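Asker: The structure under discussion is supplied below as structure tokens; questions concerning it will follow.
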Amino acid sequence: MPLIIIVFILLLALWLLLTSGDLGSLLVGLPFIMLALWSYRLQRHAPYPLTFSFLGALRFAVFFLRESLRGGLDIALRVWQPRVSLSVAFYEYRLIFPQGPIRSFFMYCISLLPGTLSVCVSENGKLRLHVLDDRGAVAEDLARLEQRVCDLFALPCYKGAL
Amino acid sequence: MILDALSVLLLVLGLFFFVSGLLGLWRFPDTFARLHALTKADNLGLGLVMTGLLFQVPDVLWAIKFVLVWLLALVASAVNAHLIAVFLHRQQEGHDESA
């Protein structure tokens, strides 16, 4: 089955799940599913197969929940202080994932985790990100996320290299 | 009864993080820092609200729905933050070149 059909079925299932199977709501849902499929076709990278590991997904979920908690607490601690203490900076990090869904996933996770926000991939192929506090262990945090993403997609990762 | 209390506790905690995100939007010095506040604090806030509501669901389908809503909100917030950051970064670089 072509990939686009599979994505269509997945999106349709998602919509029906969210609307409790109300078929009339497809009047709104179907145009948006088509829009999503159209944007899905716009991606320009070479396609590559994706693999998943169940155990990796579990480890990733635990890691993600813990880091989300840490990220939210970090913000709360900063905003409720009498003086906001930040040391914002731009930061560059080497990317090990090729252009495509895994790299995008990695970049979005960075934005959801404590103190980091991915900005763009610069011309030298490095990831440019914004950090809230450059006094923290940014590289270590990113390397840990990288390892968990490798676990999730069943990729062999050894000391920061694929 | 205990489940209701747990729900209330989680909802209040969730609201606390929403307010923290809002406060960050107000108190943080620049747009990048404000994006940090919105993505992290609001996601945790929504996650806690979602977990609090999980104790009140009538069936499993609703539980799946809540988790899905949270995940979709996570994706939307990460993508939005990224788009705003890229736009801002381009604008600042363009400004530097002209200066």
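Ordering of the structure tokens sets the chain letters (A, B, ...); residue numbers start at 1 within each chain; ligands are numbered from 1 in the order shown.
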What are the residues of chain A lining chain B at 7 Å or less? Count only C-alpha atoms, and put the answer as a list in words.
Answerer: Leu17, Leu18, Ser68, Leu69, Gly71, Gly72, Ile75, Ala76, Val79, Tyr108, Ser111, Leu112, Leu113, Gly115, Leu117, Ser118, Val119, Cys120 and Leu132 of chain A
Asker: Please save C-alpha atoms of the selected residues as a PDB file, in the first residue's frame.
Answerer:
ATOM      1  CA  LEU A  17     -11.420   9.041  17.514  1.00  0.00           C
ATOM      2  CA  LEU A  18     -11.367  12.712  18.498  1.00  0.00           C
ATOM      3  CA  SER A  68       8.688  17.845  30.866  1.00  0.00           C
ATOM      4  CA  LEU A  69       8.243  18.061  34.611  1.00  0.00           C
ATOM      5  CA  GLY A  71      11.187  21.955  32.196  1.00  0.00           C
ATOM      6  CA  GLY A  72       7.933  23.270  33.670  1.00  0.00           C
ATOM      7  CA  ILE A  75      10.193  27.979  34.250  1.00  0.00           C
ATOM      8  CA  ALA A  76       7.998  28.239  37.355  1.00  0.00           C
ATOM      9  CA  VAL A  79       9.161  33.456  36.934  1.00  0.00           C
ATOM     10  CA  TYR A 108      10.689  19.463  18.327  1.00  0.00           C
ATOM     11  CA  SER A 111      11.888  22.761  22.226  1.00  0.00           C
ATOM     12  CA  LEU A 112       9.736  20.863  24.719  1.00  0.00           C
ATOM     13  CA  LEU A 113      12.588  20.000  27.079  1.00  0.00           C
ATOM     14  CA  GLY A 115      15.792  25.416  28.802  1.00  0.00           C
ATOM     15  CA  LEU A 117      14.544  25.851  21.964  1.00  0.00           C
ATOM     16  CA  SER A 118      15.618  24.752  18.492  1.00  0.00           C
ATOM     17  CA  VAL A 119      15.812  27.617  16.026  1.00  0.00           C
ATOM     18  CA  CYS A 120      17.117  26.308  12.707  1.00  0.00           C
ATOM     19  CA  LEU A 132      17.528  30.030  28.558  1.00  0.00           C
TER      20      LEU A 132
END
Asker: Which residues are close to segment 9-12 of chain B, i.e. within 8 Å by only C-alpha atoms, leaving aside same-chain residues fewer than 5 positions away? Reply as a PyMOL selection string.
Answerer: chain B and resi 48-49+51-53
Asker: Check segment 55-138 of chain A with DSSP on the backbone and list each residue it calls alpha helix (DSSP H), as a ChimeraX atom specification.
Answerer: /A:55-79,101-112,138
Asker: What gap, in Å, lies between atom CA of Pro58 of chain B and atom CA of Ile2 of chain B?
Answerer: 16.6 Å
Asker: Extract, using only C-alpha atoms, all DNA, RNA and protein residues at most 9 Å from Leu95 of chain A, discarding same-chain residues fewer than 5 positions from it, and format them as a ChimeraX atom specification.
Answerer: /A:103,121,125-127
Asker: Restrict the selected residues to all heavy atoms and save them as a PDB file, in the first residue's frame.
Answerer:
ATOM      1  N   ARG A 103      15.003  13.763  12.401  1.00  0.00           N
ATOM      2  CA  ARG A 103      15.624  15.042  12.758  1.00  0.00           C
ATOM      3  C   ARG A 103      14.550  16.032  13.240  1.00  0.00           C
ATOM      4  O   ARG A 103      14.739  16.714  14.255  1.00  0.00           O
ATOM      5  CB  ARG A 103      16.380  15.632  11.575  1.00  0.00           C
ATOM      6  CG  ARG A 103      17.013  16.965  11.939  1.00  0.00           C
ATOM      7  CD  ARG A 103      17.586  17.670  10.741  1.00  0.00           C
ATOM      8  NE  ARG A 103      18.882  17.107  10.359  1.00  0.00           N
ATOM      9  CZ  ARG A 103      19.633  17.624   9.383  1.00  0.00           C
ATOM     10  NH1 ARG A 103      19.214  18.666   8.702  1.00  0.00           N
ATOM     11  NH2 ARG A 103      20.783  17.072   9.091  1.00  0.00           N
ATOM     12  N   VAL A 121      18.520  24.910  11.336  1.00  0.00           N
ATOM     13  CA  VAL A 121      19.764  24.248  10.977  1.00  0.00           C
ATOM     14  C   VAL A 121      20.560  25.256  10.169  1.00  0.00           C
ATOM     15  O   VAL A 121      20.094  25.743   9.146  1.00  0.00           O
ATOM     16  CB  VAL A 121      19.503  22.980  10.146  1.00  0.00           C
ATOM     17  CG1 VAL A 121      20.807  22.290   9.789  1.00  0.00           C
ATOM     18  CG2 VAL A 121      18.593  22.031  10.911  1.00  0.00           C
ATOM     19  N   GLY A 125      25.420  23.002   8.679  1.00  0.00           N
ATOM     20  CA  GLY A 125      24.802  21.721   9.032  1.00  0.00           C
ATOM     21  C   GLY A 125      24.624  21.515  10.524  1.00  0.00           C
ATOM     22  O   GLY A 125      24.186  20.449  10.955  1.00  0.00           O
ATOM     23  N   LYS A 126      24.964  22.530  11.319  1.00  0.00           N
ATOM     24  CA  LYS A 126      24.785  22.386  12.759  1.00  0.00           C
ATOM     25  C   LYS A 126      23.435  22.939  13.183  1.00  0.00           C
ATOM     26  O   LYS A 126      22.876  23.813  12.524  1.00  0.00           O
ATOM     27  CB  LYS A 126      25.897  23.124  13.499  1.00  0.00           C
ATOM     28  CG  LYS A 126      27.196  22.351  13.499  1.00  0.00           C
ATOM     29  CD  LYS A 126      28.209  22.991  14.432  1.00  0.00           C
ATOM     30  CE  LYS A 126      29.427  22.109  14.558  1.00  0.00           C
ATOM     31  NZ  LYS A 126      30.508  22.786  15.277  1.00  0.00           N
ATOM     32  N   LEU A 127      22.941  22.401  14.290  1.00  0.00           N
ATOM     33  CA  LEU A 127      21.666  22.878  14.809  1.00  0.00           C
ATOM     34  C   LEU A 127      21.905  24.110  15.673  1.00  0.00           C
ATOM     35  O   LEU A 127      22.756  24.108  16.560  1.00  0.00           O
ATOM     36  CB  LEU A 127      21.014  21.770  15.646  1.00  0.00           C
ATOM     37  CG  LEU A 127      19.738  22.180  16.367  1.00  0.00           C
ATOM     38  CD1 LEU A 127      18.641  22.494  15.380  1.00  0.00           C
ATOM     39  CD2 LEU A 127      19.283  21.069  17.290  1.00  0.00           C
TER      40      LEU A 127
END
Asker: State, in Å with one decimal place, the distance from atom CA of Leu73 of chain A to atom CA of Ser7 of chain B.
Answerer: 19.7 Å
Asker: Write out as a Markdown table a residue-level contact list of segment 53-97 of chain A versus segment 133-157 of chain A with cut-off 9 Å: for each qualifying residue the closest pair of atoms and the distance in Å to one decimal, counting only C-alpha atoms, rows sorted by chain and residue number upward.
Answerer:
| residue | atom | partner | partner_atom | distance |
| --- | --- | --- | --- | --- |
| A:Ser53 | CA | A:Ala154 | CA | 5.2 |
| A:Phe54 | CA | A:Leu152 | CA | 7.4 |
| A:Leu55 | CA | A:Leu152 | CA | 7.6 |
| A:Gly56 | CA | A:Leu152 | CA | 4.1 |
| A:Ala57 | CA | A:Leu152 | CA | 4.7 |
| A:Leu58 | CA | A:Leu152 | CA | 8.0 |
| A:Arg59 | CA | A:Arg148 | CA | 7.0 |
| A:Phe60 | CA | A:Arg148 | CA | 5.4 |
| A:Phe63 | CA | A:Arg148 | CA | 7.6 |
| A:Phe64 | CA | A:Leu145 | CA | 8.7 |
| A:Ser85 | CA | A:Asp133 | CA | 8.6 |
| A:Leu86 | CA | A:Asp133 | CA | 5.6 |
| A:Ser87 | CA | A:Asp133 | CA | 4.5 |
| A:Val88 | CA | A:Asp133 | CA | 5.3 |
| A:Ala89 | CA | A:Asp134 | CA | 6.3 |
| A:Phe90 | CA | A:Asp134 | CA | 8.5 |
| A:Tyr91 | CA | A:Asp134 | CA | 8.4 |
| A:Tyr93 | CA | A:Ala139 | CA | 7.6 |
| A:Ile96 | CA | A:Glu146 | CA | 8.5 |
Asker: Next, write the just-selected residues to a file, as a PDB file, in the first residue's frame, keeping N, CA, C and O atoms as the atom set.
Answerer:
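What follows is the written file again33.pdb:
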ATOM      1  N   SER A  53      11.325   0.742  18.318  1.00  0.00           N
ATOM      2  CA  SER A  53      11.566  -0.269  19.332  1.00  0.00           C
ATOM      3  C   SER A  53      10.578  -0.027  20.463  1.00  0.00           C
ATOM      4  O   SER A  53      10.423   1.096  20.928  1.00  0.00           O
ATOM      5  N   PHE A  54       9.884  -1.076  20.874  1.00  0.00           N
ATOM      6  CA  PHE A  54       8.883  -0.936  21.927  1.00  0.00           C
ATOM      7  C   PHE A  54       9.536  -0.516  23.241  1.00  0.00           C
ATOM      8  O   PHE A  54       9.092   0.418  23.913  1.00  0.00           O
ATOM      9  N   LEU A  55      10.627  -1.201  23.567  1.00  0.00           N
ATOM     10  CA  LEU A  55      11.344  -0.868  24.801  1.00  0.00           C
ATOM     11  C   LEU A  55      11.904   0.549  24.727  1.00  0.00           C
ATOM     12  O   LEU A  55      11.859   1.308  25.705  1.00  0.00           O
ATOM     13  N   GLY A  56      12.385   0.916  23.543  1.00  0.00           N
ATOM     14  CA  GLY A  56      12.907   2.257  23.328  1.00  0.00           C
ATOM     15  C   GLY A  56      11.828   3.302  23.523  1.00  0.00           C
ATOM     16  O   GLY A  56      12.069   4.362  24.103  1.00  0.00           O
ATOM     17  N   ALA A  57      10.610   2.992  23.022  1.00  0.00           N
ATOM     18  CA  ALA A  57       9.489   3.920  23.164  1.00  0.00           C
ATOM     19  C   ALA A  57       9.148   4.125  24.630  1.00  0.00           C
ATOM     20  O   ALA A  57       8.876   5.239  25.083  1.00  0.00           O
ATOM     21  N   LEU A  58       9.197   3.025  25.386  1.00  0.00           N
ATOM     22  CA  LEU A  58       8.906   3.090  26.819  1.00  0.00           C
ATOM     23  C   LEU A  58       9.945   3.965  27.531  1.00  0.00           C
ATOM     24  O   LEU A  58       9.597   4.834  28.336  1.00  0.00           O
ATOM     25  N   ARG A  59      11.201   3.731  27.206  1.00  0.00           N
ATOM     26  CA  ARG A  59      12.279   4.517  27.827  1.00  0.00           C
ATOM     27  C   ARG A  59      12.141   5.980  27.441  1.00  0.00           C
ATOM     28  O   ARG A  59      12.324   6.868  28.271  1.00  0.00           O
ATOM     29  N   PHE A  60      11.789   6.207  26.170  1.00  0.00           N
ATOM     30  CA  PHE A  60      11.627   7.582  25.715  1.00  0.00           C
ATOM     31  C   PHE A  60      10.485   8.266  26.466  1.00  0.00           C
ATOM     32  O   PHE A  60      10.612   9.418  26.893  1.00  0.00           O
ATOM     33  N   PHE A  63      11.506   9.160  29.962  1.00  0.00           N
ATOM     34  CA  PHE A  63      12.448  10.267  29.876  1.00  0.00           C
ATOM     35  C   PHE A  63      11.710  11.578  29.571  1.00  0.00           C
ATOM     36  O   PHE A  63      11.917  12.596  30.226  1.00  0.00           O
ATOM     37  N   PHE A  64      10.781  11.511  28.587  1.00  0.00           N
ATOM     38  CA  PHE A  64      10.083  12.713  28.152  1.00  0.00           C
ATOM     39  C   PHE A  64       9.217  13.288  29.270  1.00  0.00           C
ATOM     40  O   PHE A  64       9.205  14.505  29.499  1.00  0.00           O
ATOM     41  N   SER A  85      16.132  35.516  36.751  1.00  0.00           N
ATOM     42  CA  SER A  85      17.543  35.246  36.507  1.00  0.00           C
ATOM     43  C   SER A  85      17.687  34.373  35.259  1.00  0.00           C
ATOM     44  O   SER A  85      17.387  33.183  35.275  1.00  0.00           O
ATOM     45  N   LEU A  86      18.126  35.009  34.162  1.00  0.00           N
ATOM     46  CA  LEU A  86      18.323  34.274  32.916  1.00  0.00           C
ATOM     47  C   LEU A  86      19.709  34.584  32.382  1.00  0.00           C
ATOM     48  O   LEU A  86      20.291  35.615  32.688  1.00  0.00           O
ATOM     49  N   SER A  87      20.242  33.664  31.590  1.00  0.00           N
ATOM     50  CA  SER A  87      21.479  33.952  30.879  1.00  0.00           C
ATOM     51  C   SER A  87      21.311  33.394  29.474  1.00  0.00           C
ATOM     52  O   SER A  87      21.845  32.345  29.132  1.00  0.00           O
ATOM     53  N   VAL A  88      20.479  34.103  28.686  1.00  0.00           N
ATOM     54  CA  VAL A  88      20.116  33.574  27.368  1.00  0.00           C
ATOM     55  C   VAL A  88      21.307  33.629  26.413  1.00  0.00           C
ATOM     56  O   VAL A  88      22.170  34.507  26.530  1.00  0.00           O
ATOM     57  N   ALA A  89      21.356  32.644  25.509  1.00  0.00           N
ATOM     58  CA  ALA A  89      22.446  32.595  24.539  1.00  0.00           C
ATOM     59  C   ALA A  89      22.038  31.703  23.369  1.00  0.00           C
ATOM     60  O   ALA A  89      21.117  30.899  23.495  1.00  0.00           O
ATOM     61  N   PHE A  90      22.717  31.877  22.248  1.00  0.00           N
ATOM     62  CA  PHE A  90      22.558  30.917  21.156  1.00  0.00           C
ATOM     63  C   PHE A  90      23.640  29.861  21.302  1.00  0.00           C
ATOM     64  O   PHE A  90      24.702  30.109  21.862  1.00  0.00           O
ATOM     65  N   TYR A  91      23.339  28.679  20.806  1.00  0.00           N
ATOM     66  CA  TYR A  91      24.200  27.547  21.032  1.00  0.00           C
ATOM     67  C   TYR A  91      24.198  26.708  19.770  1.00  0.00           C
ATOM     68  O   TYR A  91      23.179  26.627  19.084  1.00  0.00           O
ATOM     69  N   TYR A  93      24.961  22.888  18.001  1.00  0.00           N
ATOM     70  CA  TYR A  93      25.107  21.475  18.349  1.00  0.00           C
ATOM     71  C   TYR A  93      25.190  20.659  17.074  1.00  0.00           C
ATOM     72  O   TYR A  93      24.408  20.870  16.142  1.00  0.00           O
ATOM     73  N   ILE A  96      23.337  14.433  14.400  1.00  0.00           N
ATOM     74  CA  ILE A  96      23.715  13.133  13.843  1.00  0.00           C
ATOM     75  C   ILE A  96      22.609  12.567  12.956  1.00  0.00           C
ATOM     76  O   ILE A  96      22.839  11.653  12.194  1.00  0.00           O
TER      77      ILE A  96
END
